[in-house]
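Student: File start06.cif follows (mmCIF, C-alpha atoms and all ligand atoms):
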```
data_my_file
loop_
_atom_site.label_atom_id
_atom_site.label_comp_id
_atom_site.auth_asym_id
_atom_site.auth_seq_id
_atom_site.Cartn_x
_atom_site.Cartn_y
_atom_site.Cartn_z
CA MET H 29 -25.00 34.77 34.47
CA ASP H 30 -22.58 37.68 33.94
CA ILE H 31 -20.35 36.13 31.27
CA ASP H 32 -18.03 39.12 31.10
CA LYS H 33 -17.36 38.88 34.84
CA ILE H 34 -16.85 35.09 34.73
CA LYS H 35 -14.34 35.44 31.90
CA LYS H 36 -12.42 38.26 33.53
CA GLU H 37 -12.20 36.42 36.85
CA ASN H 38 -11.18 33.19 35.12
CA LYS H 39 -8.40 34.95 33.22
CA GLU H 40 -7.07 36.63 36.37
CA LEU H 41 -7.17 33.39 38.32
CA ASN H 42 -5.50 31.57 35.42
CA ILE H 43 -2.57 34.01 35.33
CA LYS H 44 -2.25 33.75 39.12
CA GLU H 45 -2.21 29.94 38.97
CA ILE H 46 0.40 29.97 36.20
CA LYS H 47 2.63 32.27 38.24
CA GLU H 48 2.21 30.03 41.28
CA ASN H 49 3.03 27.01 39.10
CA ARG H 50 -0.10 25.20 40.31
CA LEU H 51 -0.65 21.66 39.12
CA ILE H 52 -4.33 21.48 40.03
CA LEU H 53 -6.25 24.40 38.59
CA LYS H 54 -9.45 26.13 39.59
CA SER H 55 -9.32 28.27 36.46
CA ARG H 56 -10.28 26.84 33.06
CA PRO H 57 -8.80 27.16 29.57
CA THR H 58 -8.85 30.62 28.05
CA LYS H 59 -8.35 29.16 24.59
CA PHE H 60 -9.29 25.82 23.03
CA TRP H 61 -9.15 23.94 19.74
CA PHE H 62 -12.35 22.22 18.74
CA ASN H 63 -13.57 20.02 15.89
CA LEU H 64 -17.28 19.82 15.16
CA THR H 65 -16.94 17.08 12.57
CA GLY H 66 -14.46 14.58 11.18
CA ALA H 67 -16.01 14.63 7.70
CA CYS H 68 -14.66 16.57 4.74
CA ASN H 69 -15.99 17.60 1.33
CA LEU H 70 -12.59 17.39 -0.42
CA GLN H 71 -9.83 14.84 -0.77
CA CYS H 72 -6.76 17.03 -1.36
CA ALA H 73 -3.64 15.48 -2.84
CA HIS H 74 -1.35 16.52 0.04
CA CYS H 75 -3.58 15.58 2.96
CA LEU H 76 -2.36 12.92 5.36
CA SER H 77 -5.88 11.48 5.33
CA ASN H 78 -4.90 9.91 1.97
CA VAL H 79 -2.39 7.79 3.87
CA THR H 80 -3.97 7.17 7.25
CA GLY H 81 -7.63 7.58 6.44
CA ARG H 82 -9.82 9.77 8.66
CA LYS H 83 -10.09 8.99 12.36
CA SER H 84 -13.82 9.47 11.92
CA THR H 85 -16.33 11.10 9.63
CA ASN H 86 -18.61 11.64 12.61
CA GLU H 87 -20.43 14.72 13.68
CA VAL H 88 -19.52 15.69 17.24
CA ASP H 89 -21.57 13.76 19.77
CA GLN H 90 -24.32 15.71 21.54
CA ILE H 91 -22.88 14.94 25.01
CA ILE H 92 -19.49 16.32 24.01
CA TYR H 93 -21.03 19.35 22.32
CA GLU H 94 -23.10 20.24 25.36
CA LYS H 95 -20.13 19.89 27.69
CA VAL H 96 -18.08 22.24 25.52
CA ILE H 97 -20.90 24.80 25.59
CA LYS H 98 -21.37 24.51 29.34
CA ASP H 99 -17.87 23.86 30.66
CA LEU H 100 -15.66 25.83 28.27
CA LEU H 101 -17.45 28.63 26.45
CA PRO H 102 -18.33 30.83 29.47
CA TYR H 103 -14.67 30.86 30.56
CA ALA H 104 -12.75 30.95 27.25
CA GLU H 105 -11.85 33.96 25.15
CA ASN H 106 -10.91 32.19 21.92
CA CYS H 107 -11.85 29.04 20.06
CA LEU H 108 -9.67 27.73 17.26
CA LEU H 109 -12.22 25.93 15.16
CA GLY H 110 -10.94 23.23 12.80
CA GLY H 111 -7.49 22.54 11.47
CA THR H 112 -6.46 19.86 13.97
CA ASN H 113 -8.23 16.93 12.28
CA TYR H 114 -9.11 15.98 8.69
CA GLY H 115 -12.55 17.49 8.82
CA GLU H 116 -14.16 20.61 7.36
CA MET H 117 -16.04 22.66 9.94
CA LEU H 118 -18.35 24.52 7.54
CA ILE H 119 -20.13 21.28 6.62
CA SER H 120 -20.96 20.45 10.24
CA LYS H 121 -24.67 20.52 11.05
CA ASN H 122 -23.74 22.25 14.30
CA ILE H 123 -21.82 25.14 12.76
CA SER H 124 -24.61 27.71 12.89
CA ASN H 125 -25.62 26.83 16.43
CA PHE H 126 -22.01 26.75 17.60
CA LEU H 127 -21.33 30.23 16.22
CA GLU H 128 -24.48 31.44 17.98
CA GLU H 129 -23.27 29.94 21.29
CA CYS H 130 -19.87 31.58 20.81
CA LYS H 131 -21.60 34.89 20.24
CA LYS H 132 -23.68 34.52 23.42
CA ASN H 133 -20.55 33.67 25.37
CA PHE H 134 -18.35 36.40 23.83
CA VAL H 135 -15.93 33.83 22.42
CA LYS H 136 -14.01 34.88 19.33
CA VAL H 137 -13.50 32.16 16.71
CA ASN H 138 -10.40 31.57 14.60
CA LEU H 139 -11.68 29.33 11.81
CA THR H 140 -9.63 27.12 9.49
CA THR H 141 -11.60 26.22 6.38
CA ASN H 142 -11.18 25.03 2.82
CA GLY H 143 -13.81 27.62 1.79
CA VAL H 144 -15.75 25.18 -0.38
CA THR H 145 -19.15 25.06 1.31
CA VAL H 146 -20.15 28.56 2.34
CA LYS H 147 -23.92 28.73 2.74
CA ASP H 148 -25.55 32.15 2.37
CA ASP H 149 -27.29 32.02 5.74
CA ILE H 150 -24.06 31.36 7.65
CA ILE H 151 -22.09 34.30 6.27
CA PRO H 152 -23.42 37.13 8.49
CA LYS H 153 -22.79 35.03 11.62
CA LEU H 154 -19.34 33.98 10.41
CA VAL H 155 -18.12 37.53 9.91
CA GLU H 156 -19.62 38.61 13.21
CA VAL H 157 -18.27 35.85 15.45
CA CYS H 158 -14.89 35.14 13.87
CA ASN H 159 -11.87 37.34 14.47
CA VAL H 160 -9.85 35.28 11.96
CA ILE H 161 -10.95 33.20 8.98
CA GLY H 162 -8.08 31.26 7.43
CA PHE H 163 -8.63 29.82 3.95
CA SER H 164 -6.37 26.86 3.27
CA MET H 165 -4.91 26.78 -0.23
CA GLU H 166 -1.81 25.77 -2.17
CA GLY H 167 -1.43 28.44 -4.84
CA MET H 168 -3.54 29.97 -7.56
CA GLU H 169 -5.40 28.61 -10.57
CA GLU H 170 -3.92 25.32 -11.84
CA GLU H 171 -1.56 25.08 -8.85
CA TYR H 172 -4.55 25.30 -6.49
CA GLU H 173 -6.60 22.86 -8.53
CA LYS H 174 -3.95 20.18 -8.80
CA ILE H 175 -3.89 19.83 -5.01
CA ARG H 176 -7.48 20.63 -4.02
CA HIS H 177 -9.21 19.06 -7.05
CA TYR H 178 -11.69 21.90 -6.81
CA LYS H 179 -12.24 24.84 -9.13
CA TRP H 180 -10.13 27.88 -8.24
CA GLU H 181 -12.84 30.19 -9.56
CA ASN H 182 -15.45 28.70 -7.23
CA PHE H 183 -13.10 28.92 -4.26
CA ILE H 184 -12.32 32.58 -4.98
CA SER H 185 -15.97 33.36 -5.53
CA ASN H 186 -16.70 32.04 -1.99
CA VAL H 187 -13.78 33.97 -0.54
CA LYS H 188 -15.09 37.14 -2.21
CA ARG H 189 -18.58 36.58 -0.75
CA ILE H 190 -17.02 36.61 2.71
CA ILE H 191 -14.92 39.69 1.90
CA SER H 192 -18.07 41.52 0.76
CA ALA H 193 -19.92 40.50 3.93
CA LYS H 194 -17.05 41.75 6.08
CA GLU H 195 -17.41 45.13 4.38
CA LYS H 196 -21.21 45.10 4.41
CA TYR H 197 -21.41 44.40 8.15
CA GLY H 198 -18.52 46.72 9.01
CA GLN H 199 -16.43 43.98 10.65
CA LYS H 200 -13.13 45.85 10.50
CA GLU H 201 -11.47 43.72 13.17
CA LEU H 202 -12.01 40.48 11.24
CA ARG H 203 -8.79 39.22 9.64
CA LEU H 204 -9.18 37.23 6.45
CA GLU H 205 -6.14 35.25 5.52
CA PHE H 206 -4.86 32.73 3.04
CA ARG H 207 -3.02 29.82 4.64
CA PHE H 208 -0.73 28.93 1.81
CA ALA H 209 1.19 25.62 1.94
CA VAL H 210 4.20 26.14 -0.33
CA HIS H 211 6.19 23.58 -2.31
CA CYS H 212 8.78 23.81 -5.06
CA GLU H 213 6.22 24.45 -7.82
CA ASN H 214 3.67 26.84 -6.31
CA ILE H 215 6.22 29.02 -4.46
CA LYS H 216 6.84 30.97 -7.66
CA GLN H 217 3.31 32.32 -7.40
CA LEU H 218 3.93 33.94 -4.03
CA PRO H 219 4.59 37.54 -5.27
CA LYS H 220 1.56 37.31 -7.57
CA LEU H 221 -0.58 35.96 -4.74
CA ILE H 222 0.38 38.93 -2.56
CA GLU H 223 -0.75 41.34 -5.29
CA PHE H 224 -3.96 39.39 -5.83
CA SER H 225 -4.74 39.22 -2.09
CA LYS H 226 -4.21 42.95 -1.63
CA GLU H 227 -6.44 43.64 -4.61
CA ILE H 228 -9.40 41.54 -3.44
CA GLY H 229 -9.25 42.45 0.27
CA ILE H 230 -7.44 39.55 1.92
CA ASN H 231 -5.63 40.96 4.96
CA ARG H 232 -2.78 38.53 5.45
CA ILE H 233 -1.00 35.48 4.05
CA GLN H 234 0.31 32.83 6.39
CA VAL H 235 2.90 30.84 4.47
CA MET H 236 3.39 27.27 5.69
CA LEU H 237 5.73 24.61 4.37
CA LEU H 238 4.17 21.63 2.62
CA ARG H 239 5.07 18.50 4.56
CA GLY H 240 5.82 15.33 2.67
CA ASP H 241 2.96 13.50 4.38
CA VAL H 242 2.24 11.76 1.09
CA LYS H 243 5.45 9.94 0.23
CA SER H 244 5.44 10.72 -3.50
CA GLN H 245 5.50 14.44 -2.62
CA LYS H 246 8.61 14.24 -0.46
CA PHE H 247 10.90 15.82 -3.08
CA LYS H 248 8.42 18.62 -3.75
CA THR H 249 8.95 19.93 -0.22
CA LEU H 250 11.15 23.01 0.09
CA TYR H 251 13.51 21.19 2.37
CA TYR H 252 14.96 19.84 -0.91
CA HIS H 253 14.78 23.22 -2.74
CA ARG H 254 16.39 25.53 -0.23
CA SER H 255 17.89 28.20 -2.49
CA LEU H 256 14.65 28.45 -4.44
CA ALA H 257 12.72 28.82 -1.18
CA ASN H 258 15.01 31.54 0.15
CA GLU H 259 14.90 33.38 -3.18
CA TYR H 260 11.08 33.49 -3.14
CA PHE H 261 10.85 34.28 0.57
CA GLU H 262 12.99 37.35 -0.18
CA LYS H 263 10.89 38.30 -3.22
CA ALA H 264 7.75 37.92 -1.11
CA GLU H 265 9.20 40.10 1.64
CA GLU H 266 9.98 42.83 -0.90
CA LYS H 267 6.56 42.64 -2.52
CA ALA H 268 4.78 42.69 0.85
CA LYS H 269 6.83 45.72 1.91
CA GLU H 270 6.11 47.52 -1.34
CA LEU H 271 2.36 46.94 -0.93
CA ASN H 272 2.34 47.31 2.86
CA PHE H 273 0.86 43.82 3.10
CA ASP H 274 0.94 41.53 6.15
CA ILE H 275 2.69 38.23 5.51
CA SER H 276 4.11 35.56 7.79
CA LEU H 277 6.90 33.53 6.22
CA PRO H 278 8.76 30.49 7.52
CA GLY H 279 12.38 31.12 8.54
CA LYS H 280 14.99 31.05 5.79
CA PHE H 281 16.64 27.68 5.14
CA SER H 282 20.26 27.05 5.92
CA THR H 283 22.04 26.14 2.68
CA GLY H 284 25.14 24.74 4.36
CA THR H 285 28.78 25.75 4.26
CA PHE H 286 32.18 24.34 3.26
CA GLU H 287 33.84 25.89 6.30
CA LYS H 288 35.62 23.63 8.78
CA ALA H 289 32.98 21.70 10.70
CA LYS H 290 32.21 22.84 14.24
CA LYS H 291 31.45 20.37 17.03
CA TYR H 292 27.77 19.40 16.87
CA LYS H 293 25.69 20.81 19.71
CA PRO H 294 22.01 19.89 19.86
CA GLU H 295 19.75 22.90 19.98
CA ILE H 296 17.73 22.92 23.17
CA ASN H 297 14.48 24.79 23.19
CA THR H 298 14.47 26.75 26.42
CA LYS H 299 11.46 28.92 25.70
CA PRO H 300 8.87 28.15 28.38
CA CYS H 301 5.38 26.95 27.49
CA TYR H 302 2.21 27.72 29.46
CA ASN H 303 -0.24 25.97 27.18
CA PRO H 304 -0.91 23.16 29.69
CA TRP H 305 -2.33 25.82 32.06
CA ASN H 306 -4.62 27.55 29.60
CA THR H 307 -5.47 25.41 26.56
CA VAL H 308 -7.05 22.13 25.53
CA SER H 309 -7.86 20.56 22.20
CA ILE H 310 -11.07 18.56 21.78
CA ASP H 311 -11.97 16.46 18.76
CA GLU H 312 -15.34 15.27 17.48
CA LEU H 313 -14.95 11.96 19.35
CA GLY H 314 -14.41 13.74 22.66
CA ASN H 315 -10.69 13.00 22.85
CA VAL H 316 -8.88 15.70 24.78
CA THR H 317 -5.23 16.54 24.10
CA PRO H 318 -3.35 19.38 25.79
CA CYS H 319 -2.83 21.58 22.71
CA CYS H 320 -2.71 21.39 18.91
CA ALA H 321 0.80 19.89 18.96
CA HIS H 322 0.71 17.30 21.76
CA TYR H 323 -0.54 13.87 20.71
CA GLU H 324 -1.17 12.33 24.15
CA ILE H 325 -4.86 11.81 24.84
CA VAL H 326 -5.41 12.99 28.42
CA GLY H 327 -9.07 12.00 28.62
CA ASN H 328 -12.38 11.70 26.83
CA LEU H 329 -15.18 14.17 27.30
CA LYS H 330 -17.82 11.58 26.55
CA GLU H 331 -16.73 9.49 29.50
CA GLN H 332 -15.41 11.99 32.03
CA PRO H 333 -16.38 15.42 33.37
CA PHE H 334 -14.22 18.16 31.89
CA TYR H 335 -12.82 19.19 35.26
CA ASP H 336 -11.54 15.64 35.97
CA ILE H 337 -9.62 15.63 32.67
CA TRP H 338 -8.29 19.15 33.19
CA ASN H 339 -6.81 18.13 36.53
CA SER H 340 -6.06 14.49 35.68
CA GLU H 341 -2.71 12.95 36.63
CA LEU H 342 -1.62 13.16 32.99
CA PHE H 343 -2.36 16.88 32.82
CA GLN H 344 -0.72 17.52 36.18
CA ASN H 345 2.34 15.62 35.05
CA LEU H 346 2.57 17.70 31.89
CA ARG H 347 2.38 20.91 33.97
CA LYS H 348 5.11 19.50 36.19
CA THR H 349 7.47 18.56 33.34
CA VAL H 350 6.84 20.84 30.35
CA ASN H 351 9.34 23.49 31.49
CA THR H 352 11.72 21.36 33.51
CA ASP H 353 11.92 17.85 32.09
CA PRO H 354 9.85 17.90 28.88
CA ASP H 355 8.64 14.72 27.21
CA GLU H 356 9.70 14.08 23.61
CA CYS H 357 6.76 15.93 22.10
CA CYS H 358 7.33 19.09 24.19
CA PHE H 359 11.11 18.88 23.84
CA TYR H 360 10.99 19.17 20.06
CA CYS H 361 7.93 21.43 19.94
CA LYS H 362 8.13 24.68 18.00
CA ASN H 363 4.77 25.92 19.29
CA ARG H 364 5.80 26.78 22.82
CA ILE H 365 3.45 29.54 23.86
CA LEU H 366 3.89 32.08 26.64
CA PHE H 367 0.62 33.61 27.88
C1 LIG T 401 -6.04 19.00 7.56
S1 LIG T 401 -6.73 20.59 7.19
C2 LIG T 401 -8.27 20.61 8.05
C3 LIG T 401 -9.06 21.86 7.85
C4 LIG T 401 -9.74 22.06 6.52
N1 LIG T 401 -10.25 20.88 5.96
C5 LIG T 401 -8.81 22.78 5.56
O1 LIG T 401 -8.33 22.19 4.62
O2 LIG T 401 -8.61 23.96 5.82
C6 LIG T 401 -5.77 21.67 8.17
C7 LIG T 401 -4.60 22.32 7.47
O3 LIG T 401 -3.61 21.35 7.19
C8 LIG T 401 -3.03 21.68 5.96
N2 LIG T 401 -2.33 20.52 5.39
C9 LIG T 401 -2.86 19.35 5.00
N3 LIG T 401 -1.91 18.54 4.48
C10 LIG T 401 -0.74 19.23 4.56
C11 LIG T 401 0.61 18.96 4.20
N4 LIG T 401 0.97 17.80 3.65
N5 LIG T 401 1.53 19.91 4.42
C12 LIG T 401 1.20 21.09 4.98
N6 LIG T 401 -0.06 21.41 5.35
C13 LIG T 401 -1.01 20.50 5.15
C14 LIG T 401 -4.20 22.12 5.13
O4 LIG T 401 -3.79 22.83 3.99
C15 LIG T 401 -4.96 22.95 6.13
O5 LIG T 401 -4.51 24.30 6.11
S1 LIG T 402 -9.97 20.02 2.85
FE1 LIG T 402 -8.57 19.86 4.59
S2 LIG T 402 -9.11 17.96 5.64
FE2 LIG T 402 -10.15 17.95 3.65
S3 LIG T 402 -8.79 16.76 2.38
FE3 LIG T 402 -8.24 18.92 2.12
S4 LIG T 402 -6.63 19.35 3.63
FE4 LIG T 402 -7.59 17.39 4.16
S1 LIG T 403 5.61 22.45 24.45
FE1 LIG T 403 4.37 22.23 22.59
S2 LIG T 403 3.47 20.17 22.74
FE2 LIG T 403 4.18 20.74 24.80
S3 LIG T 403 2.39 21.67 25.74
FE3 LIG T 403 3.60 23.35 24.86
S4 LIG T 403 2.70 23.68 22.83
FE4 LIG T 403 1.98 21.68 23.54
#
```
Taking this structure as input, can you express it in the form of structure tokens?
Tutor:
Amino acid sequence: MDIDKIKKENKELNIKEIKENRLILKSRPTKFWFNLTGACNLQCAHCLSNVTGRKSTNEVDQIIYEKVIKDLLPYAENCLLGGTNYGEMLISKNISNFLEECKKNFVKVNLTTNGVTVKDDIIPKLVEVCNVIGFSMEGMEEEYEKIRHYKWENFISNVKRIISAKEKYGQKELRLEFRFAVHCENIKQLPKLIEFSKEIGINRIQVMLLRGDVKSQKFKTLYYHRSLANEYFEKAEEKAKELNFDISLPGKFSTGTFEKAKKYKPEINTKPCYNPWNTVSIDELGNVTPCCAHYEIVGNLKEQPFYDIWNSELFQNLRKTVNTDPDECCFYCKNRILF
């Protein structure tokens, strides 16, 4: 099987089918989200799993796993591993084998991890197969520990082991990033975190806003601390520029005005989205959703062949409506993706 050829042909066909606005596709996803397990080794203070519990603590079922290997990997270019459930991928018993399969199929992995369980024997494979490793965190030292309930020093020691391996194996293309969820207390550490990241060899910081998923944290969210947020976003921009460091910040907050009120006009998102033509998201129970943002389950991989789900009525309907008459989820979505 010439995987390179299959992938190239799939990509070309996929672009053609998008341009032709096809509802039933012969091409398959070029990118997919996947969860190998629902279990986690932490219970962080901000995690919605505190409120809702975990959907499962299961390891992915063998039937689902094999279908992903057979029906998705030869065609896809990228796998976004973890981050769409309340599980931790590095504790899955399938992690080593899955990375090996990705390697065989030339699939690059973008991993989201809490960086707590990093076994020695997985590190060479991780730095070889991943093009991005994102370490979730919420600040440094005591700020980190009060959310993660895990020792900052141990976390950083694991991060440094991966940084060393990246250097040792000459994986220059691998991007190591902190995924920093900011709130009104830890945001003050942002300039210091940029300096620290640069110093230890982290390549980028992705700053995300803490959501008030846990009710008692609602007033810690930056939505209620807008001037403080804007002040530190500016400081972070300056520091990143000074150190030539890559950072992605959320947009600045509006702080309101006392000018005469204008007539309210709802903002309509007109940016097209092509995710329903080239992505799927699969969880450890086999549930398939169209992307990381859409909550509608379009099928289950344990019960149906992948191709039937991919071209199911629900999927076809999404392709028909996403750019013309979007459902509520797509209408308000900020993740609209072009190609
Ligand atoms: C649910 S976790 C799953 C992956 C893995 N266990 C981890 O922590 O990286 C996925 C991402 O959601 C983030 N997250 C969890 N609760 C959040 C909240 N209330 N606000 C913003 N991000 C949150 C985590 O920090 C993490 O980056
Ligand atoms: S490590 Fe991730 S999934 Fe686990 S509790 Fe923390 S945020 Fe939630
Ligand atoms: S608009 Fe958003 S929710 Fe809808 S398919 Fe695109 S990325 Fe997914």
Student: For H:Phe261, list every protein, DNA or RNA residue within 10 Å, evaluated using only C-alpha atoms, and leave out those in the same chain fewer than 6 positions away; present the list as a PDB file with C-alpha atoms, in the frame of the given file.
Tutor:
```
ATOM      1  CA  ILE H 215       6.220  29.020  -4.460  1.00  0.00           C
ATOM      2  CA  LYS H 216       6.840  30.970  -7.660  1.00  0.00           C
ATOM      3  CA  LEU H 218       3.930  33.940  -4.030  1.00  0.00           C
ATOM      4  CA  PRO H 219       4.590  37.540  -5.270  1.00  0.00           C
ATOM      5  CA  VAL H 235       2.900  30.840   4.470  1.00  0.00           C
ATOM      6  CA  SER H 255      17.890  28.200  -2.490  1.00  0.00           C
ATOM      7  CA  LYS H 267       6.560  42.640  -2.520  1.00  0.00           C
ATOM      8  CA  SER H 276       4.110  35.560   7.790  1.00  0.00           C
ATOM      9  CA  LEU H 277       6.900  33.530   6.220  1.00  0.00           C
ATOM     10  CA  PRO H 278       8.760  30.490   7.520  1.00  0.00           C
ATOM     11  CA  GLY H 279      12.380  31.120   8.540  1.00  0.00           C
ATOM     12  CA  LYS H 280      14.990  31.050   5.790  1.00  0.00           C
ATOM     13  CA  PHE H 281      16.640  27.680   5.140  1.00  0.00           C
TER      14      PHE H 281
END
```
Student: Taking only residues of chain H that have an atom at most 8 Å from an atom of ligand LIG 401 (chain T), what is each one's shortest atom pair and its distance in Å to one decimal, using only C-alpha atoms and all ligand atoms, in chain and number order, as a Markdown table?
Tutor:
```
| residue | atom | partner | partner_atom | distance |
| --- | --- | --- | --- | --- |
| H:Cys68 | CA | T:LIG401 | N1 | 6.3 |
| H:Leu70 | CA | T:LIG401 | N1 | 7.6 |
| H:Cys72 | CA | T:LIG401 | N3 | 7.7 |
| H:His74 | CA | T:LIG401 | N4 | 4.5 |
| H:Cys75 | CA | T:LIG401 | N3 | 3.7 |
| H:Leu76 | CA | T:LIG401 | N3 | 5.7 |
| H:Ser77 | CA | T:LIG401 | C1 | 7.8 |
| H:Gly110 | CA | T:LIG401 | C3 | 5.5 |
| H:Gly111 | CA | T:LIG401 | C6 | 3.8 |
| H:Thr112 | CA | T:LIG401 | C6 | 6.1 |
| H:Asn113 | CA | T:LIG401 | C1 | 5.6 |
| H:Tyr114 | CA | T:LIG401 | C1 | 4.5 |
| H:Gly115 | CA | T:LIG401 | N1 | 5.0 |
| H:Glu116 | CA | T:LIG401 | N1 | 4.2 |
| H:Met117 | CA | T:LIG401 | C4 | 7.2 |
| H:Thr140 | CA | T:LIG401 | O2 | 4.9 |
| H:Thr141 | CA | T:LIG401 | O2 | 3.8 |
| H:Asn142 | CA | T:LIG401 | O2 | 4.1 |
| H:Gly143 | CA | T:LIG401 | O2 | 7.5 |
| H:Gly162 | CA | T:LIG401 | O2 | 7.5 |
| H:Phe163 | CA | T:LIG401 | O2 | 6.2 |
| H:Ser164 | CA | T:LIG401 | O5 | 4.3 |
| H:Met165 | CA | T:LIG401 | O4 | 5.9 |
| H:Glu166 | CA | T:LIG401 | O4 | 7.1 |
| H:Arg207 | CA | T:LIG401 | O5 | 5.9 |
| H:Phe208 | CA | T:LIG401 | O4 | 7.2 |
| H:Ala209 | CA | T:LIG401 | C12 | 5.5 |
| H:Val210 | CA | T:LIG401 | C12 | 7.9 |
| H:Met236 | CA | T:LIG401 | C12 | 6.6 |
| H:Leu237 | CA | T:LIG401 | C12 | 5.8 |
| H:Leu238 | CA | T:LIG401 | N5 | 3.6 |
| H:Arg239 | CA | T:LIG401 | N5 | 3.8 |
| H:Gly240 | CA | T:LIG401 | N4 | 5.5 |
| H:Asp241 | CA | T:LIG401 | N4 | 4.8 |
| H:Val242 | CA | T:LIG401 | N4 | 6.7 |
```
Student: Of the residues H:Asn231, H:Lys243, H:Cys107, H:Ile222, which is the one nearest to H:Asn78, using all atoms listed in the file?
Tutor: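 Residue with the minimum atom-to-atom distance to H:Asn78: H:Lys243.
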Student: Within 7 Å of ligand LIG 403 (chain T), counting all atoms listed in the file: which residues, as a list in words?
Tutor: Cys301, Tyr302, Asn303, Pro304, Pro318, Cys319, Cys320, Ala321, His322, Val350, Cys357, Cys358, Phe359, Cys361, Lys362, Asn363, Arg364 and Ile365 of chain H
Student: Restricting the calculation to all atoms listed in the file: of H:Gly229, H:Gly81, H:Pro354, H:Gly284, which residue gets closest to ligand LIG 402 (chain T)?
Tutor: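 Looking only at the distances to ligand LIG 402 (chain T), the closest residue turns out to be H:Gly81.
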Student: So, counting all atoms listed in the file, which residue among H:Ile190, H:Ala67, H:Ile52, H:Leu139 is closest to ligand LIG 402 (chain T)?
Tutor: H:Ala67
Student: Separation of atom CA of H:Cys130 and atom CA of H:Ile184, in Å?
Tutor: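 So the answer is 26.9 Å.
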Student: Leaving out H:Phe183 and any residue of its chain fewer than 4 positions from it, which residues lie within 7 Å of it when counting only C-alpha atoms, given as a PyMOL selection string?
Tutor: chain H and resi 143-144+179+187
Student: Nearest to ligand LIG 402 (chain T): which of H:Lys36, H:Arg176, H:Lys147, H:Lys83 is it, counting only C-alpha atoms and all ligand atoms?
Tutor: H:Arg176
Student: Could you give me, as a ChimeraX atom specification, the residues within 6 Å of H:Asn86, counting only C-alpha atoms and dropping anything in the same chain fewer than 2 positions from it?
Tutor: /H:65-66,84
Student: Which one is closest to ligand LIG 402 (chain T): H:Phe224, H:Phe126, H:Tyr172, H:Tyr252? Count all atoms listed in the file.
Tutor: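 Smallest distance to ligand LIG 402 (chain T) is found for H:Tyr172.
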Student: I'd like to know which of H:Leu100, H:Ala193, H:Val79, H:Val160 is closest to ligand LIG 402 (chain T), using all atoms listed in the file.
Tutor: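 Among H:Leu100, H:Ala193, H:Val79, H:Val160, it is H:Val79 that comes nearest to ligand LIG 402 (chain T).
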Student: Separation of atom CA of H:Lys35 and atom CA of H:Val96, in Å?
Tutor: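 These two atoms are separated by 15.1 Å.
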